[in-house]
Structures are given as structure tokens and as C-alpha cells.
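What follows is a single structure, written as C-alpha cells, with notes after it.
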Amino acid sequence: MGRVAFLFAGQGAQVPGMASDVKDLPKVQKLFSVAEAIRPGIVEKMLGGTQEELNRTLLTQPTMFLADLAYAYAKEEEFGAPACACGFSVGEVPALCFAGMLSEEDAFRAIVKRAELMEAYTARVPGCMIACVKLPADKVEALCDGVNTHPANYNGALQTVVACRAEAEAEFSAKVKEAGGRAMKLRVSGMFHCPELAPEAEEFEAFLHTLSWQKPRLPVYANLTAQPYEGDFAHTLALQMRSPVRFTATVAHMRADGVDEFVEVGPGKVLTGLVQRG
């Protein structure tokens with residue numbers, strides 16, 4: 001095996017029973033104990049919750065954190081430590097924890113706070129996420145103009161996800177179809193990674209600055225910059241909430257830095273699929 005990067009899955013990948021196949025590993029059991037002390041019942045919800053329950057942001061984010069980190073610990077036992085890592089959206093928090101930048105306790109508190117803020121935001125700003133396929137990013141960006149939508153995830157050459165106001169969903173989807181693309185609503189409960197999250201991102205940053213941050217044991221590529229974390233870690237993570245996820249650029253920079261194998265940690269194979277399609 002060559003130079004390996006771990007990819008930490010994001011919101012939308014959640015499934016009932018995730019991490020059940022690695023729950024008995026000692027490091028995973030310790031992680032679950034830390035989480036239970038902070039939010040009792042969360043492990044039971046992750047392992048036994050319904051899809052509908054897991055799709056709610058307040059539950060999705062902490063359970064995805066636990067599943068991602070649990071799978072990362074299992075993969076590290078199998079492959080050894082990766083050369084670097086990145087997390088997609090919510091997956092960035094377990095990636096930072098895995099790299100030693102935050103303790104398990106601080107990282108879990110951070111993800112719980114993030115979920116609370118974003119759950120409240122979804123009530124304030126009703127919306128959804130729509131994947132636009134078969135269209136290049138610049139075309140999708142043009143379609144967003146004047147329709148209460150924002151480019152949110154740059155996933156590949158012909159896949160861009162947009163954050164869309166609820167009242168604009170039908171109009172925007174029609175515009176995508178007219179342009180020769182396909183619009184697919186994602187399994188999340190709101191519109192994320194857009195400027196409308198600015199108040200929540202500001203509050204999140206204030207919280208993040210109360211945590212104890214450490215230098216990473218391996219590089220973690222930031223969604224915000226597509227480059228390894230540096231400078232003010234809390235500021236970078238907070239800005240991620242209201243900024244696009246630059247996954248395509250991140251993968252390109254990882255390849256340029258010598259990565260030749262990508263291992264997804266979390267439920268499913270969405271991210272490795274994106275890497276393969278380019």
C-alpha cells in the first residue's frame with residue numbers, strides 16, 4: 001500500500017446500525033463511554049435508531065462523529081496510521097480528533113454544539129441540499145444567481161451540491177433540468193455551508209476557542225482551504241460551517257502531495273466514489 005489518506009464521511013451517509021461491526025474494539029468502547037458521559041443514550045440511538053431519527057441534524061452529527069471515528073480506529077488497526085486525512089463537512093470534526101488536535105471529549109462536545117446550532121438554524125431558515133449532476137460547477141454557480149441558492153459542496157467535475165431555500169426548491173430544480181442536468185434532494189434536514197449560517201458560525205467559533213487545541217500528529221486538509229490546517233484551528237473549523245466544502249480541490253492537493261490511496265472511514269462509500277469519478 002502506498003501513501004494513504006483517510007476520508008471521514010459526512011452528513012447524509014448515516015444509516016441504522018452504523019459502527020455495530022466495530023463496536024467491540026477497546027478503543028471504540030472507550031470512545032463510546034466518553035460520548036455517553038456527555039450525551040447519555042447517544043450510542044443506543046446510533047446503533048438502534050431508525051433512518052428517520054438519524055436524519056435529524058441534532059442526532060445525525062454526533063452519531064456520524066462516533067461512527068466515523070470508530071471506523072477510523074478500526075482501519076488504523078488494519079492499515080496502520082494514514083499519511084493524512086480529511087473530513088467531509090461534519091466529518092472534519094472526527095478527522096481533527098483522530099489527528100490529535102482535539103481530545104475525544106472536547107471533539108464530542110464540539111460536535112454536539114455544532115448540531116445544536118445547526119438544528120436551531122434549520123428552524124430559522126427552512127431549506128434543503130440539492131445535488132446537481134451532469135453539469136460543471138460554473139454552470140451550477142450561474143443557475144444559483146437570483147434563486148435563493150448557494151454552491152455548498154464541490155464534489156466533482158460534474159457534481160455540485162447547492163444549499164437551497166425551501167421556497168426555491170422547485171424553481172431551482174426546474175432550472176437544473178432545463179440546463180440538461182439532474183437535481184437530487186439529499187437526505188439532510190436543512191441548507192448548510194452557505195452564508196446564511198454566519199450567526200451560528202460566529203457562536204460556534206466562540207465555543208471552539210474555549211477548547212484545548214493541539215498540533216496534529218498528521219495533516220488534516222480543511223474543507224475551507226483544501227490545504228492542511230494551519231493558523232487558528234478554531235477559526236478555520238467555524239468558517240467551514242458557512243463556506244463551501246472544496247472536496248474536489250482537496251483531493252487534487254492530496255494527490256499532488258503524494259497520496260495514491262484513499263480509504264473511507266464511516267458508513268458507505270460515497271467519498272471514495274467521488275474520488276474515483278473525479
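Ligands are numbered from 1 in the order shown, residues from 1 within each chain, and chains are lettered A, B, ... in the order they appear in the C-alpha cells.
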
Counting only C-alpha atoms, what are the residues of region 141-170 of chain A within 12 Å of region 235-249 of chain A, and for each of them which pair of atoms is the nearest and at what distance in Å, to one decimal? Sort the table by chain and rising number, as a tab-separated table.
residue	atom	partner	partner_atom	distance
A:Glu141	CA	A:Pro244	CA	11.9
A:His150	CA	A:Pro244	CA	8.6
A:Pro151	CA	A:Pro244	CA	6.6
A:Ala152	CA	A:Pro244	CA	4.3
A:Asn153	CA	A:Val245	CA	4.6
A:Tyr154	CA	A:Arg246	CA	5.2
A:Asn155	CA	A:Thr248	CA	5.4
A:Gly156	CA	A:Thr248	CA	5.4
A:Ala157	CA	A:Thr248	CA	7.7
A:Leu158	CA	A:Thr248	CA	10.5
A:Gln159	CA	A:Thr248	CA	9.8
A:Thr160	CA	A:Thr248	CA	9.9
A:Val161	CA	A:Pro244	CA	9.2
A:Val162	CA	A:Pro244	CA	9.1
A:Ala163	CA	A:Pro244	CA	9.5

Give me the residues within 8 Å of Thr50 (chain A) as a ChimeraX atom specification, counting only C-alpha atoms and dropping any in the same chain fewer than 3 places off. /A:16,53-54

Can I get the selected residues back with N, CA and C atoms, as a compact mmCIF listing (two decimals), in the first residue's frame?
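The resulting part_36.txt:
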# COMPACT_ATOMS: atom_id res chain seq x y z
N PRO A 16 -28.99 3.22 9.82
CA PRO A 16 -29.23 2.50 11.07
C PRO A 16 -28.18 1.40 11.28
N GLU A 53 -35.00 8.97 12.38
CA GLU A 53 -34.39 9.59 13.55
C GLU A 53 -32.97 10.06 13.24
N LEU A 54 -32.21 9.22 12.56
CA LEU A 54 -30.82 9.54 12.26
C LEU A 54 -30.68 10.70 11.27

Would you give me, as JSON, numbers by chain, the residues in region 108-265 of chain A that DSSP reads as alpha helix (DSSP H)? {"A": [108, 109, 110, 111, 112, 113, 114, 115, 116, 117, 118, 119, 120, 121, 122, 123, 124, 137, 138, 139, 140, 141, 142, 143, 144, 169, 170, 171, 172, 173, 174, 175, 176, 177, 178, 198, 199, 200, 201, 202, 203, 204, 205, 206, 207, 208, 233, 234, 235, 236, 237, 238, 239, 240, 247, 248, 249, 250, 251, 252, 253, 254, 255, 256]}

Residues at most 12 Å from Thr122 (chain A), counting only C-alpha atoms, excluding those fewer than 4 positions away in the same chain, as a list of chain:residue names? A:Arg56, A:Thr57, A:Leu58, A:Ala115, A:Glu116, A:Leu117, A:Met118, A:Pro126, A:Gly127, A:Cys128, A:Met129, A:Ala163, A:Cys164, A:Arg165, A:Ala166, A:Val188, A:Ser189, A:Gly190, A:Met191, A:Phe192, A:Glu196, A:Leu197, A:Glu200

Residue contacts of Phe108 (chain A) (12 Å, only C-alpha atoms) excluding same-chain residues fewer than 6 positions away, as a PDB file with N, CA, C and O atoms, in the first residue's frame:
ATOM      1  N   LEU A  31     -14.263   5.278  23.392  1.00  0.00           N
ATOM      2  CA  LEU A  31     -14.878   6.427  22.730  1.00  0.00           C
ATOM      3  C   LEU A  31     -16.352   6.521  23.076  1.00  0.00           C
ATOM      4  O   LEU A  31     -16.859   7.606  23.411  1.00  0.00           O
ATOM      5  N   PHE A  32     -17.053   5.411  22.997  1.00  0.00           N
ATOM      6  CA  PHE A  32     -18.486   5.404  23.287  1.00  0.00           C
ATOM      7  C   PHE A  32     -18.756   5.790  24.740  1.00  0.00           C
ATOM      8  O   PHE A  32     -19.742   6.472  25.036  1.00  0.00           O
ATOM      9  N   SER A  33     -17.883   5.380  25.647  1.00  0.00           N
ATOM     10  CA  SER A  33     -18.046   5.746  27.054  1.00  0.00           C
ATOM     11  C   SER A  33     -17.911   7.253  27.253  1.00  0.00           C
ATOM     12  O   SER A  33     -18.659   7.856  28.025  1.00  0.00           O
ATOM     13  N   VAL A  34     -16.951   7.854  26.549  1.00  0.00           N
ATOM     14  CA  VAL A  34     -16.771   9.304  26.617  1.00  0.00           C
ATOM     15  C   VAL A  34     -18.042  10.012  26.136  1.00  0.00           C
ATOM     16  O   VAL A  34     -18.527  10.962  26.764  1.00  0.00           O
ATOM     17  N   ALA A  35     -18.587   9.533  25.015  1.00  0.00           N
ATOM     18  CA  ALA A  35     -19.789  10.156  24.453  1.00  0.00           C
ATOM     19  C   ALA A  35     -20.999   9.978  25.368  1.00  0.00           C
ATOM     20  O   ALA A  35     -21.791  10.909  25.551  1.00  0.00           O
ATOM     21  N   GLU A  36     -21.147   8.800  25.947  1.00  0.00           N
ATOM     22  CA  GLU A  36     -22.286   8.531  26.833  1.00  0.00           C
ATOM     23  C   GLU A  36     -22.261   9.417  28.066  1.00  0.00           C
ATOM     24  O   GLU A  36     -23.312   9.823  28.563  1.00  0.00           O
ATOM     25  N   ALA A  37     -21.066   9.739  28.553  1.00  0.00           N
ATOM     26  CA  ALA A  37     -20.953  10.601  29.729  1.00  0.00           C
ATOM     27  C   ALA A  37     -21.424  12.018  29.416  1.00  0.00           C
ATOM     28  O   ALA A  37     -21.910  12.728  30.301  1.00  0.00           O
ATOM     29  N   ILE A  38     -21.304  12.419  28.168  1.00  0.00           N
ATOM     30  CA  ILE A  38     -21.696  13.766  27.751  1.00  0.00           C
ATOM     31  C   ILE A  38     -23.138  13.805  27.283  1.00  0.00           C
ATOM     32  O   ILE A  38     -23.885  14.739  27.605  1.00  0.00           O
ATOM     33  N   ARG A  39     -23.537  12.802  26.527  1.00  0.00           N
ATOM     34  CA  ARG A  39     -24.901  12.745  25.993  1.00  0.00           C
ATOM     35  C   ARG A  39     -25.446  11.323  26.161  1.00  0.00           C
ATOM     36  O   ARG A  39     -25.355  10.501  25.244  1.00  0.00           O
ATOM     37  N   ILE A  42     -26.771   8.225  23.432  1.00  0.00           N
ATOM     38  CA  ILE A  42     -26.408   8.503  22.047  1.00  0.00           C
ATOM     39  C   ILE A  42     -25.945   7.247  21.307  1.00  0.00           C
ATOM     40  O   ILE A  42     -26.232   7.065  20.119  1.00  0.00           O
ATOM     41  N   GLN A  61     -25.332  14.452  13.458  1.00  0.00           N
ATOM     42  CA  GLN A  61     -23.948  14.886  13.599  1.00  0.00           C
ATOM     43  C   GLN A  61     -23.188  14.145  14.700  1.00  0.00           C
ATOM     44  O   GLN A  61     -22.079  13.644  14.447  1.00  0.00           O
ATOM     45  N   PRO A  62     -23.720  14.011  15.924  1.00  0.00           N
ATOM     46  CA  PRO A  62     -22.960  13.257  16.939  1.00  0.00           C
ATOM     47  C   PRO A  62     -22.840  11.770  16.619  1.00  0.00           C
ATOM     48  O   PRO A  62     -21.817  11.154  16.934  1.00  0.00           O
ATOM     49  N   THR A  63     -23.857  11.179  15.995  1.00  0.00           N
ATOM     50  CA  THR A  63     -23.743   9.755  15.659  1.00  0.00           C
ATOM     51  C   THR A  63     -22.759   9.538  14.510  1.00  0.00           C
ATOM     52  O   THR A  63     -21.999   8.558  14.511  1.00  0.00           O
ATOM     53  N   MET A  64     -22.742  10.448  13.533  1.00  0.00           N
ATOM     54  CA  MET A  64     -21.756  10.339  12.460  1.00  0.00           C
ATOM     55  C   MET A  64     -20.345  10.529  13.010  1.00  0.00           C
ATOM     56  O   MET A  64     -19.397   9.858  12.568  1.00  0.00           O
ATOM     57  N   PHE A  65     -20.177  11.435  13.946  1.00  0.00           N
ATOM     58  CA  PHE A  65     -18.875  11.617  14.598  1.00  0.00           C
ATOM     59  C   PHE A  65     -18.397  10.298  15.191  1.00  0.00           C
ATOM     60  O   PHE A  65     -17.254   9.866  14.964  1.00  0.00           O
ATOM     61  N   LEU A  66     -19.270   9.648  15.947  1.00  0.00           N
ATOM     62  CA  LEU A  66     -18.896   8.396  16.601  1.00  0.00           C
ATOM     63  C   LEU A  66     -18.624   7.285  15.593  1.00  0.00           C
ATOM     64  O   LEU A  66     -17.651   6.538  15.731  1.00  0.00           O
ATOM     65  N   ALA A  67     -19.472   7.179  14.583  1.00  0.00           N
ATOM     66  CA  ALA A  67     -19.280   6.130  13.578  1.00  0.00           C
ATOM     67  C   ALA A  67     -17.987   6.346  12.809  1.00  0.00           C
ATOM     68  O   ALA A  67     -17.198   5.417  12.600  1.00  0.00           O
ATOM     69  N   LEU A  69     -15.255   8.012  13.654  1.00  0.00           N
ATOM     70  CA  LEU A  69     -14.063   7.806  14.478  1.00  0.00           C
ATOM     71  C   LEU A  69     -13.882   6.329  14.812  1.00  0.00           C
ATOM     72  O   LEU A  69     -12.745   5.814  14.830  1.00  0.00           O
ATOM     73  N   VAL A  90     -19.356  17.584   8.328  1.00  0.00           N
ATOM     74  CA  VAL A  90     -19.338  17.155   9.725  1.00  0.00           C
ATOM     75  C   VAL A  90     -18.199  16.177   9.985  1.00  0.00           C
ATOM     76  O   VAL A  90     -17.683  16.082  11.104  1.00  0.00           O
ATOM     77  N   GLY A  91     -17.747  15.464   8.954  1.00  0.00           N
ATOM     78  CA  GLY A  91     -16.647  14.524   9.108  1.00  0.00           C
ATOM     79  C   GLY A  91     -15.321  15.176   9.454  1.00  0.00           C
ATOM     80  O   GLY A  91     -14.374  14.499   9.866  1.00  0.00           O
ATOM     81  N   VAL A  93     -14.748  17.118  11.951  1.00  0.00           N
ATOM     82  CA  VAL A  93     -14.531  17.114  13.406  1.00  0.00           C
ATOM     83  C   VAL A  93     -13.921  15.790  13.870  1.00  0.00           C
ATOM     84  O   VAL A  93     -12.910  15.806  14.594  1.00  0.00           O
ATOM     85  N   PRO A  94     -14.457  14.618  13.481  1.00  0.00           N
ATOM     86  CA  PRO A  94     -13.757  13.387  13.863  1.00  0.00           C
ATOM     87  C   PRO A  94     -12.365  13.283  13.245  1.00  0.00           C
ATOM     88  O   PRO A  94     -11.468  12.686  13.848  1.00  0.00           O
ATOM     89  N   ALA A  95     -12.161  13.859  12.059  1.00  0.00           N
ATOM     90  CA  ALA A  95     -10.822  13.846  11.456  1.00  0.00           C
ATOM     91  C   ALA A  95      -9.841  14.612  12.335  1.00  0.00           C
ATOM     92  O   ALA A  95      -8.701  14.176  12.561  1.00  0.00           O
ATOM     93  N   LEU A  96     -10.252  15.771  12.850  1.00  0.00           N
ATOM     94  CA  LEU A  96      -9.398  16.563  13.735  1.00  0.00           C
ATOM     95  C   LEU A  96      -9.107  15.818  15.037  1.00  0.00           C
ATOM     96  O   LEU A  96      -7.988  15.865  15.558  1.00  0.00           O
ATOM     97  N   CYS A  97     -10.107  15.129  15.543  1.00  0.00           N
ATOM     98  CA  CYS A  97      -9.926  14.340  16.761  1.00  0.00           C
ATOM     99  C   CYS A  97      -8.953  13.191  16.503  1.00  0.00           C
ATOM    100  O   CYS A  97      -8.039  12.941  17.287  1.00  0.00           O
ATOM    101  N   PHE A  98      -9.122  12.502  15.400  1.00  0.00           N
ATOM    102  CA  PHE A  98      -8.249  11.383  15.041  1.00  0.00           C
ATOM    103  C   PHE A  98      -6.801  11.848  14.927  1.00  0.00           C
ATOM    104  O   PHE A  98      -5.868  11.125  15.303  1.00  0.00           O
ATOM    105  N   LEU A 102      -7.872  17.644  18.873  1.00  0.00           N
ATOM    106  CA  LEU A 102      -8.820  17.770  19.976  1.00  0.00           C
ATOM    107  C   LEU A 102      -8.924  16.421  20.674  1.00  0.00           C
ATOM    108  O   LEU A 102      -8.856  15.372  20.015  1.00  0.00           O
ATOM    109  N   ARG A 114     -22.196  21.995  17.615  1.00  0.00           N
ATOM    110  CA  ARG A 114     -22.439  22.248  16.186  1.00  0.00           C
ATOM    111  C   ARG A 114     -23.831  21.761  15.785  1.00  0.00           C
ATOM    112  O   ARG A 114     -24.569  22.451  15.080  1.00  0.00           O
ATOM    113  N   ALA A 115     -24.195  20.572  16.247  1.00  0.00           N
ATOM    114  CA  ALA A 115     -25.509  20.011  15.913  1.00  0.00           C
ATOM    115  C   ALA A 115     -26.634  20.858  16.489  1.00  0.00           C
ATOM    116  O   ALA A 115     -27.652  21.092  15.825  1.00  0.00           O
ATOM    117  N   LEU A 208     -15.534  27.093  20.244  1.00  0.00           N
ATOM    118  CA  LEU A 208     -14.322  26.348  19.883  1.00  0.00           C
ATOM    119  C   LEU A 208     -13.076  26.936  20.535  1.00  0.00           C
ATOM    120  O   LEU A 208     -12.127  26.212  20.852  1.00  0.00           O
ATOM    121  N   LEU A 211     -11.919  25.435  23.877  1.00  0.00           N
ATOM    122  CA  LEU A 211     -11.379  24.075  23.904  1.00  0.00           C
ATOM    123  C   LEU A 211      -9.855  24.091  23.854  1.00  0.00           C
ATOM    124  O   LEU A 211      -9.228  25.097  23.522  1.00  0.00           O
TER     125      LEU A 211
END

Residues of region 155-241 of chain A in strand (DSSP E or B), written as a PyMOL selection string: chain A and resi 155-156+159-165+182-185+220-221+228

Written selection (N, CA and C atoms) as a PDB file, in the first residue's frame:
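File written: selection.pdb
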ATOM      1  N   ASN A 155     -18.113  18.594  -5.312  1.00  0.00           N
ATOM      2  CA  ASN A 155     -17.832  17.170  -5.137  1.00  0.00           C
ATOM      3  C   ASN A 155     -17.091  16.527  -6.300  1.00  0.00           C
ATOM      4  N   GLY A 156     -17.175  17.111  -7.483  1.00  0.00           N
ATOM      5  CA  GLY A 156     -16.536  16.521  -8.639  1.00  0.00           C
ATOM      6  C   GLY A 156     -16.754  17.391  -9.861  1.00  0.00           C
ATOM      7  N   GLN A 159     -20.482  17.246 -10.457  1.00  0.00           N
ATOM      8  CA  GLN A 159     -21.403  17.168  -9.313  1.00  0.00           C
ATOM      9  C   GLN A 159     -21.109  18.300  -8.330  1.00  0.00           C
ATOM     10  N   THR A 160     -22.076  19.181  -8.198  1.00  0.00           N
ATOM     11  CA  THR A 160     -22.012  20.274  -7.230  1.00  0.00           C
ATOM     12  C   THR A 160     -23.307  20.266  -6.427  1.00  0.00           C
ATOM     13  N   VAL A 161     -23.187  20.339  -5.115  1.00  0.00           N
ATOM     14  CA  VAL A 161     -24.364  20.394  -4.252  1.00  0.00           C
ATOM     15  C   VAL A 161     -24.634  21.841  -3.882  1.00  0.00           C
ATOM     16  N   VAL A 162     -25.897  22.233  -3.913  1.00  0.00           N
ATOM     17  CA  VAL A 162     -26.255  23.595  -3.541  1.00  0.00           C
ATOM     18  C   VAL A 162     -27.136  23.597  -2.300  1.00  0.00           C
ATOM     19  N   ALA A 163     -27.012  24.664  -1.523  1.00  0.00           N
ATOM     20  CA  ALA A 163     -27.905  24.927  -0.398  1.00  0.00           C
ATOM     21  C   ALA A 163     -29.060  25.757  -0.936  1.00  0.00           C
ATOM     22  N   CYS A 164     -30.279  25.305  -0.695  1.00  0.00           N
ATOM     23  CA  CYS A 164     -31.439  25.898  -1.350  1.00  0.00           C
ATOM     24  C   CYS A 164     -32.533  26.225  -0.341  1.00  0.00           C
ATOM     25  N   ARG A 165     -33.026  27.442  -0.376  1.00  0.00           N
ATOM     26  CA  ARG A 165     -34.192  27.815   0.435  1.00  0.00           C
ATOM     27  C   ARG A 165     -35.384  26.949   0.052  1.00  0.00           C
ATOM     28  N   ARG A 182     -29.348  17.000 -13.690  1.00  0.00           N
ATOM     29  CA  ARG A 182     -30.306  16.281 -12.848  1.00  0.00           C
ATOM     30  C   ARG A 182     -30.165  16.783 -11.427  1.00  0.00           C
ATOM     31  N   ALA A 183     -31.289  17.088 -10.789  1.00  0.00           N
ATOM     32  CA  ALA A 183     -31.304  17.600  -9.421  1.00  0.00           C
ATOM     33  C   ALA A 183     -31.813  16.532  -8.468  1.00  0.00           C
ATOM     34  N   MET A 184     -31.033  16.232  -7.427  1.00  0.00           N
ATOM     35  CA  MET A 184     -31.414  15.205  -6.457  1.00  0.00           C
ATOM     36  C   MET A 184     -31.350  15.781  -5.046  1.00  0.00           C
ATOM     37  N   LYS A 185     -32.472  15.760  -4.357  1.00  0.00           N
ATOM     38  CA  LYS A 185     -32.540  16.260  -2.984  1.00  0.00           C
ATOM     39  C   LYS A 185     -31.846  15.277  -2.047  1.00  0.00           C
ATOM     40  N   VAL A 220      -4.337  17.373   8.394  1.00  0.00           N
ATOM     41  CA  VAL A 220      -5.769  17.285   8.105  1.00  0.00           C
ATOM     42  C   VAL A 220      -6.093  18.417   7.121  1.00  0.00           C
ATOM     43  N   TYR A 221      -6.579  18.041   5.956  1.00  0.00           N
ATOM     44  CA  TYR A 221      -6.899  19.027   4.925  1.00  0.00           C
ATOM     45  C   TYR A 221      -8.263  19.642   5.228  1.00  0.00           C
ATOM     46  N   PRO A 228      -3.804  21.673   4.231  1.00  0.00           N
ATOM     47  CA  PRO A 228      -3.717  21.262   5.638  1.00  0.00           C
ATOM     48  C   PRO A 228      -4.009  22.405   6.603  1.00  0.00           C
TER      49      PRO A 228
END

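Atom pair CA of Val22 (chain A) / CA of Glu44 (chain A) has a distance of 14.3 Å (rounded to one decimal).
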